[in-house]
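Colleague: Pasting a structure below so you can have a look.
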Amino acid sequence: MNRVRVSLKQLLWLGLLGVVLILFGLGPRYAPMYTIILLTAIFMYIILTLSWVIFSGPTGYVSLAPAAFFGVGIYTSAILGKALPLLIVVAVGGLASSCLALFAGGLTLRLKGIYFAIFTFGLVELIKNLLLWWEIHFTGTRGRFVIVVDYATVYYVMFAILVVLILTAYLIRRSKFGLALQSIGDNEQAAAHIGINVTALKVVTFAVSAFFTGAAGAIMATRWTYIDPYIAFNPLFSFMPVLMAIFGGLGQFYGPIIGATIFGYLEELLITRFPYYYMLLFGTIMVVAILYLPNGLVGLIQKVTARLRVLARSQPAPAATSEAK
Amino acid sequence: MQILEGEQVTKHFGGLTAVHRVDLSVSQGQVVGLIGPNGAGKTTLFNLISGALVPESGEIRFKGEKITGAQPYQICRRGVARTFQSVQIFANLPAIDNVSLGALFGKSRRLSSAEATQEAMELLEFVGLSAMRATPAKDLTLPNQKRLEVARALATQPELLLLDELMAGLTPTEVTQAVEMVNRIRDRGITIFMIEHVMKAIMSACDRIIVLHHGEKIAEGTPQEIATSKTVVEVYLGESAHAAS
């Protein structure tokens, strides 16, 4: 009985997923350009958030490195964009970020809590300043031009990265490594003593998460046409994923996705409607959300559905409840 | 056959000598107790064996092979499992996941998740927790958390099990149950090395006892020999108390 219900639910989800995939796949043919650009931005936010959640969600290691990985992707695109095909540039951008994550993770994942957060944030500043120094002293420029790619292509590539990321995140979460990551978050010492190679698992997961951030940076750079270290390594890209994940709620798989979607849309809405008060309004909404939704939007959804269930149960006659048993 | 051997094992914390030139050996199939006053270096010795700490000098061998310098996860996979003095469980994970993680990662052989869950169920049954398999570990009572830790350690299929104060904080009835559990673990062919303060438990469960004091081994022998040893009584009751008696 239980098994049938589960598989039916899974089938429903799969069907829904298929419809969503087709809808988004056909998007650029029918939707206005504005919608496509907005969707691309929202996809980017989801990628940033979900790839952050892959590592930081279960382990509790708060990484502020996303801006570094994103920037490495952007610079890969700026340097290799003219020489290589787009998809290869995107892949190289992801791999370069992964390498950075392997190196930085290997050095610092023994740091815990606030120390790890500070170091990863320092990494963003370090690379930014190193790059600035390099560009001024050796290449004699400060910024770089990036090849221009049409909107639809950027959209498709971003969407493809998102689909692969969702699949990867889901598979990791379902696998024994997802469980092991959670055990590291709960008690790292005990995890090491029951045979989990905690260092390797942390570093590899960190690198996997960085891959998607870097790939998103590589494709996003083509939308911006001109970049410099300040644009590419904007610390906002480190804080946004954390905020979006908390806003959406970390308890469920779909939490960060919902959080990033609403966040991205809200940003666009506020920028266009209230260009002067945008940051003020945005900040207020964030503060209210964190104060009143400790478990994010997911917590709110769960509360509402639980209440609806109670209502649905209490309304019909007692005969219905005995039947349910 | 000696399953665990230590030779001149030494560890300092700054100026404090935690473990000093300790020789030890545990034979296969035995239950060996490790006792000593607070701060004697018992837990430090366990940390050195399990790989949480690395000795400054000396060597530890498991089944004749050197394990000093290996990582905790490697030592675990070779067949040494442990529990902790203050329980170290995965608080937010259900009891069954706590145990199946041990089965999934602690063995040299790879298991499917269905096999791991199956084994975890059997072990929860073995320690008497099968009714609480879905309960998050943090919601279990202390004795049950300790049982869960034992089940998780057993899931890694150890040949040697290190129990660090399994019975601390338990009521007399629970101590009796714990001793009985230790005997059942031994019946599975697992060698046990245990730190314990509850004397009744250690005297009835152990074949041999090692006594540490100020990081040094001061005595070793059967429970009867230890109970009557002059040095051990001096250490526990103080020299003057002994002189007065």
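How things are named: the first chain in the structure tokens is A, the next is B, and so on; residues count from 1 in each chain; ligands count from 1 in the order shown.
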When DSSP works through the backbone of this structure, what residues of region 45-133 of chain A end up as helix (DSSP H, G or I), shown as number ranges by chain?
Modeller: A: 45-59, 66-80, 86-108, 113-133
Colleague: Go ahead and dump the residues you just picked, C-alpha atoms, as a short mmCIF file (atom, residue, chain, number, x, y, z; two decimals), in the first residue's frame.
Modeller:
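Ended up saving to out.cif:
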```cif
data_model
loop_
_atom_site.label_atom_id
_atom_site.label_comp_id
_atom_site.auth_asym_id
_atom_site.auth_seq_id
_atom_site.Cartn_x
_atom_site.Cartn_y
_atom_site.Cartn_z
CA TYR A 45 20.85 32.33 -8.84
CA ILE A 46 19.52 28.80 -8.45
CA ILE A 47 22.85 27.39 -9.64
CA LEU A 48 24.80 29.56 -7.20
CA THR A 49 22.53 28.57 -4.33
CA LEU A 50 22.16 24.88 -5.04
CA SER A 51 25.86 24.34 -5.65
CA TRP A 52 26.57 26.11 -2.36
CA VAL A 53 24.03 23.84 -0.64
CA ILE A 54 25.63 20.63 -1.99
CA PHE A 55 28.61 21.21 0.25
CA SER A 56 27.62 23.66 2.97
CA GLY A 57 24.09 22.35 3.55
CA PRO A 58 24.87 18.95 5.02
CA THR A 59 28.34 19.65 6.45
CA PRO A 66 31.31 31.20 -4.31
CA ALA A 67 32.41 34.62 -5.59
CA ALA A 68 35.93 33.23 -6.08
CA PHE A 69 34.65 30.23 -8.07
CA PHE A 70 32.24 32.41 -10.02
CA GLY A 71 35.03 34.89 -10.82
CA VAL A 72 37.39 32.16 -11.97
CA GLY A 73 34.67 31.04 -14.38
CA ILE A 74 34.21 34.59 -15.61
CA TYR A 75 37.91 35.08 -16.23
CA THR A 76 38.19 31.73 -17.99
CA SER A 77 35.53 32.96 -20.37
CA ALA A 78 37.33 36.28 -20.89
CA ILE A 79 40.70 34.66 -21.57
CA LEU A 80 39.64 31.61 -23.61
CA LEU A 86 31.59 28.05 -26.01
CA LEU A 87 30.76 24.72 -24.40
CA ILE A 88 34.43 23.90 -23.89
CA VAL A 89 34.99 27.33 -22.34
CA VAL A 90 32.14 26.67 -19.93
CA ALA A 91 33.56 23.25 -19.03
CA VAL A 92 37.06 24.68 -18.54
CA GLY A 93 35.59 27.44 -16.37
CA GLY A 94 33.99 24.81 -14.18
CA LEU A 95 37.14 22.69 -14.03
CA ALA A 96 39.33 25.67 -13.17
CA SER A 97 37.02 26.48 -10.27
CA SER A 98 37.12 22.84 -9.17
CA CYS A 99 40.92 22.93 -9.15
CA LEU A 100 40.87 26.07 -7.03
CA ALA A 101 38.42 24.35 -4.67
CA LEU A 102 40.63 21.25 -4.44
CA PHE A 103 43.64 23.39 -3.59
CA ALA A 104 41.86 25.73 -1.17
CA GLY A 105 39.86 22.88 0.35
CA GLY A 106 42.91 20.72 0.88
CA LEU A 107 44.58 23.58 2.70
CA THR A 108 41.70 24.81 4.80
CA GLY A 113 33.14 27.23 11.82
CA ILE A 114 33.85 30.92 11.55
CA TYR A 115 37.53 30.36 10.64
CA PHE A 116 36.58 28.49 7.49
CA ALA A 117 34.03 31.17 6.56
CA ILE A 118 36.60 33.95 7.00
CA PHE A 119 39.28 32.11 5.06
CA THR A 120 37.01 31.38 2.12
CA PHE A 121 35.96 35.02 2.04
CA GLY A 122 39.62 36.02 2.18
CA LEU A 123 40.19 33.83 -0.85
CA VAL A 124 37.82 36.02 -2.89
CA GLU A 125 39.70 39.19 -1.93
CA LEU A 126 43.08 37.53 -2.42
CA ILE A 127 42.35 36.42 -5.97
CA LYS A 128 40.74 39.74 -6.84
CA ASN A 129 43.76 41.75 -5.72
CA LEU A 130 46.27 39.32 -7.17
CA LEU A 131 44.51 39.55 -10.52
CA LEU A 132 44.34 43.32 -10.37
CA TRP A 133 48.07 43.49 -9.67
#
```
Colleague: Write out as JSON, numbers by chain every residue belonging to chain B that has an atom at most 6 Å from any atom of chain A, counting only C-alpha atoms.
Modeller: {"B": [72, 73, 76, 77, 88, 90, 102, 105, 106]}
Colleague: Write out as a PDB file with N, CA and C atoms, in the first residue's frame the residues lying within 9 Å of His12 (chain B), counting only C-alpha atoms and excluding same-chain residues fewer than 6 positions away.
Modeller:
```pdb
ATOM      1  N   ALA B  18      51.037  12.607  29.055  1.00  0.00           N
ATOM      2  CA  ALA B  18      49.740  11.933  29.073  1.00  0.00           C
ATOM      3  C   ALA B  18      49.922  10.422  29.089  1.00  0.00           C
ATOM      4  N   VAL B  19      50.804   9.943  28.243  1.00  0.00           N
ATOM      5  CA  VAL B  19      51.101   8.516  28.170  1.00  0.00           C
ATOM      6  C   VAL B  19      52.616   8.386  28.059  1.00  0.00           C
ATOM      7  N   HIS B  20      53.230   7.600  28.959  1.00  0.00           N
ATOM      8  CA  HIS B  20      54.685   7.539  28.980  1.00  0.00           C
ATOM      9  C   HIS B  20      55.180   6.101  28.859  1.00  0.00           C
ATOM     10  N   PRO B  55      51.217   9.076  18.300  1.00  0.00           N
ATOM     11  CA  PRO B  55      52.221   9.066  19.371  1.00  0.00           C
ATOM     12  C   PRO B  55      53.524   9.751  18.929  1.00  0.00           C
ATOM     13  N   GLU B  56      54.211  10.353  19.914  1.00  0.00           N
ATOM     14  CA  GLU B  56      55.491  10.987  19.574  1.00  0.00           C
ATOM     15  C   GLU B  56      56.553   9.937  19.356  1.00  0.00           C
TER      16      GLU B  56
END
```
Colleague: Name all residues at most 10 Å from Lys200 (chain B) (count only C-alpha atoms; drop same-chain ones fewer than 5 positions away) and give them as a list in words.
Modeller: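 Once the nearby chain positions are removed, what remains is Pro172, Val175, Thr176, Val179 and Ala205 of chain B.
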Colleague: Take the residues just selected and output them with N, CA and C atoms as a compact mmCIF listing (two decimals), in the first residue's frame.
Modeller:
```
# COMPACT_ATOMS: atom_id res chain seq x y z
N PRO B 172 22.53 0.85 38.24
CA PRO B 172 23.02 -0.53 38.46
C PRO B 172 22.38 -1.55 37.52
N VAL B 175 23.91 -1.19 34.20
CA VAL B 175 25.28 -1.70 34.21
C VAL B 175 25.26 -3.21 33.99
N THR B 176 24.34 -3.89 34.68
CA THR B 176 24.23 -5.34 34.51
C THR B 176 23.93 -5.69 33.05
N VAL B 179 27.08 -5.17 30.97
CA VAL B 179 28.05 -6.28 31.13
C VAL B 179 27.61 -7.47 30.30
N ALA B 205 33.70 -8.72 34.05
CA ALA B 205 33.73 -8.86 32.59
C ALA B 205 35.11 -9.18 32.04
```
Colleague: Would you mind reading off the distance between CA of Asn183 (chain B) and CA of Ala219 (chain B), one decimal, in Å?
Modeller: 24.1 Å
Colleague: Tell me, as number ranges by chain, which residues lie within 10 Å of Phe43 (chain A), counting only C-alpha atoms; anything in the same chain fewer than 3 positions away does not count.
Modeller: A: 37-40, 46-49, 155, 158-163, 216, 257, 260-261, 264
Colleague: Generate the output file for the selected residues, N, CA and C atoms, as a compact mmCIF listing (two decimals), in the first residue's frame.
Modeller:
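Below is the file out_12.txt, written as the result:
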```txt
# COMPACT_ATOMS: atom_id res chain seq x y z
N ILE A 37 15.76 36.69 -20.52
CA ILE A 37 16.88 37.25 -19.77
C ILE A 37 16.62 37.13 -18.27
N LEU A 38 15.39 37.38 -17.87
CA LEU A 38 15.04 37.25 -16.45
C LEU A 38 15.22 35.80 -15.99
N LEU A 39 14.75 34.87 -16.82
CA LEU A 39 14.89 33.46 -16.46
C LEU A 39 16.35 33.05 -16.36
N THR A 40 17.18 33.57 -17.28
CA THR A 40 18.61 33.26 -17.23
C THR A 40 19.19 33.71 -15.89
N ILE A 46 19.78 30.16 -8.96
CA ILE A 46 19.52 28.80 -8.45
C ILE A 46 20.82 27.99 -8.47
N ILE A 47 21.59 28.14 -9.55
CA ILE A 47 22.85 27.39 -9.64
C ILE A 47 23.78 27.79 -8.49
N LEU A 48 23.93 29.10 -8.28
CA LEU A 48 24.80 29.56 -7.20
C LEU A 48 24.36 28.98 -5.86
N THR A 49 23.04 29.01 -5.63
CA THR A 49 22.53 28.57 -4.33
C THR A 49 22.64 27.06 -4.16
N TYR A 155 20.84 31.34 -22.43
CA TYR A 155 19.73 30.74 -21.70
C TYR A 155 19.82 29.22 -21.71
N MET A 158 22.80 27.92 -19.64
CA MET A 158 22.51 28.09 -18.21
C MET A 158 21.51 27.03 -17.75
N PHE A 159 20.50 26.81 -18.58
CA PHE A 159 19.48 25.83 -18.24
C PHE A 159 20.07 24.42 -18.17
N ALA A 160 20.96 24.12 -19.12
CA ALA A 160 21.59 22.79 -19.13
C ALA A 160 22.43 22.60 -17.87
N ILE A 161 23.21 23.63 -17.49
CA ILE A 161 24.01 23.53 -16.26
C ILE A 161 23.09 23.27 -15.07
N LEU A 162 21.97 23.99 -15.05
CA LEU A 162 21.03 23.85 -13.93
C LEU A 162 20.47 22.43 -13.85
N VAL A 163 20.09 21.87 -15.01
CA VAL A 163 19.52 20.53 -15.01
C VAL A 163 20.54 19.51 -14.49
N ALA A 216 28.72 28.41 -14.36
CA ALA A 216 27.72 29.48 -14.44
C ALA A 216 28.41 30.83 -14.68
N ILE A 257 15.97 25.99 -4.06
CA ILE A 257 15.51 26.29 -5.42
C ILE A 257 14.41 27.34 -5.35
N ALA A 260 15.92 30.74 -4.21
CA ALA A 260 16.66 31.46 -5.24
C ALA A 260 15.71 32.02 -6.31
N THR A 261 14.67 31.25 -6.64
CA THR A 261 13.73 31.71 -7.66
C THR A 261 13.02 32.99 -7.21
N GLY A 264 15.48 35.90 -6.93
CA GLY A 264 15.87 36.46 -8.23
C GLY A 264 14.76 37.32 -8.81
```
Colleague: Mind checking which residues fall within 7 Å of region 128-142 of chain B, counting only C-alpha atoms, ignoring those fewer than 6 positions away in the same chain, and posting them as an MDAnalysis selection string?
Modeller: chainID B and resid 89:96 121
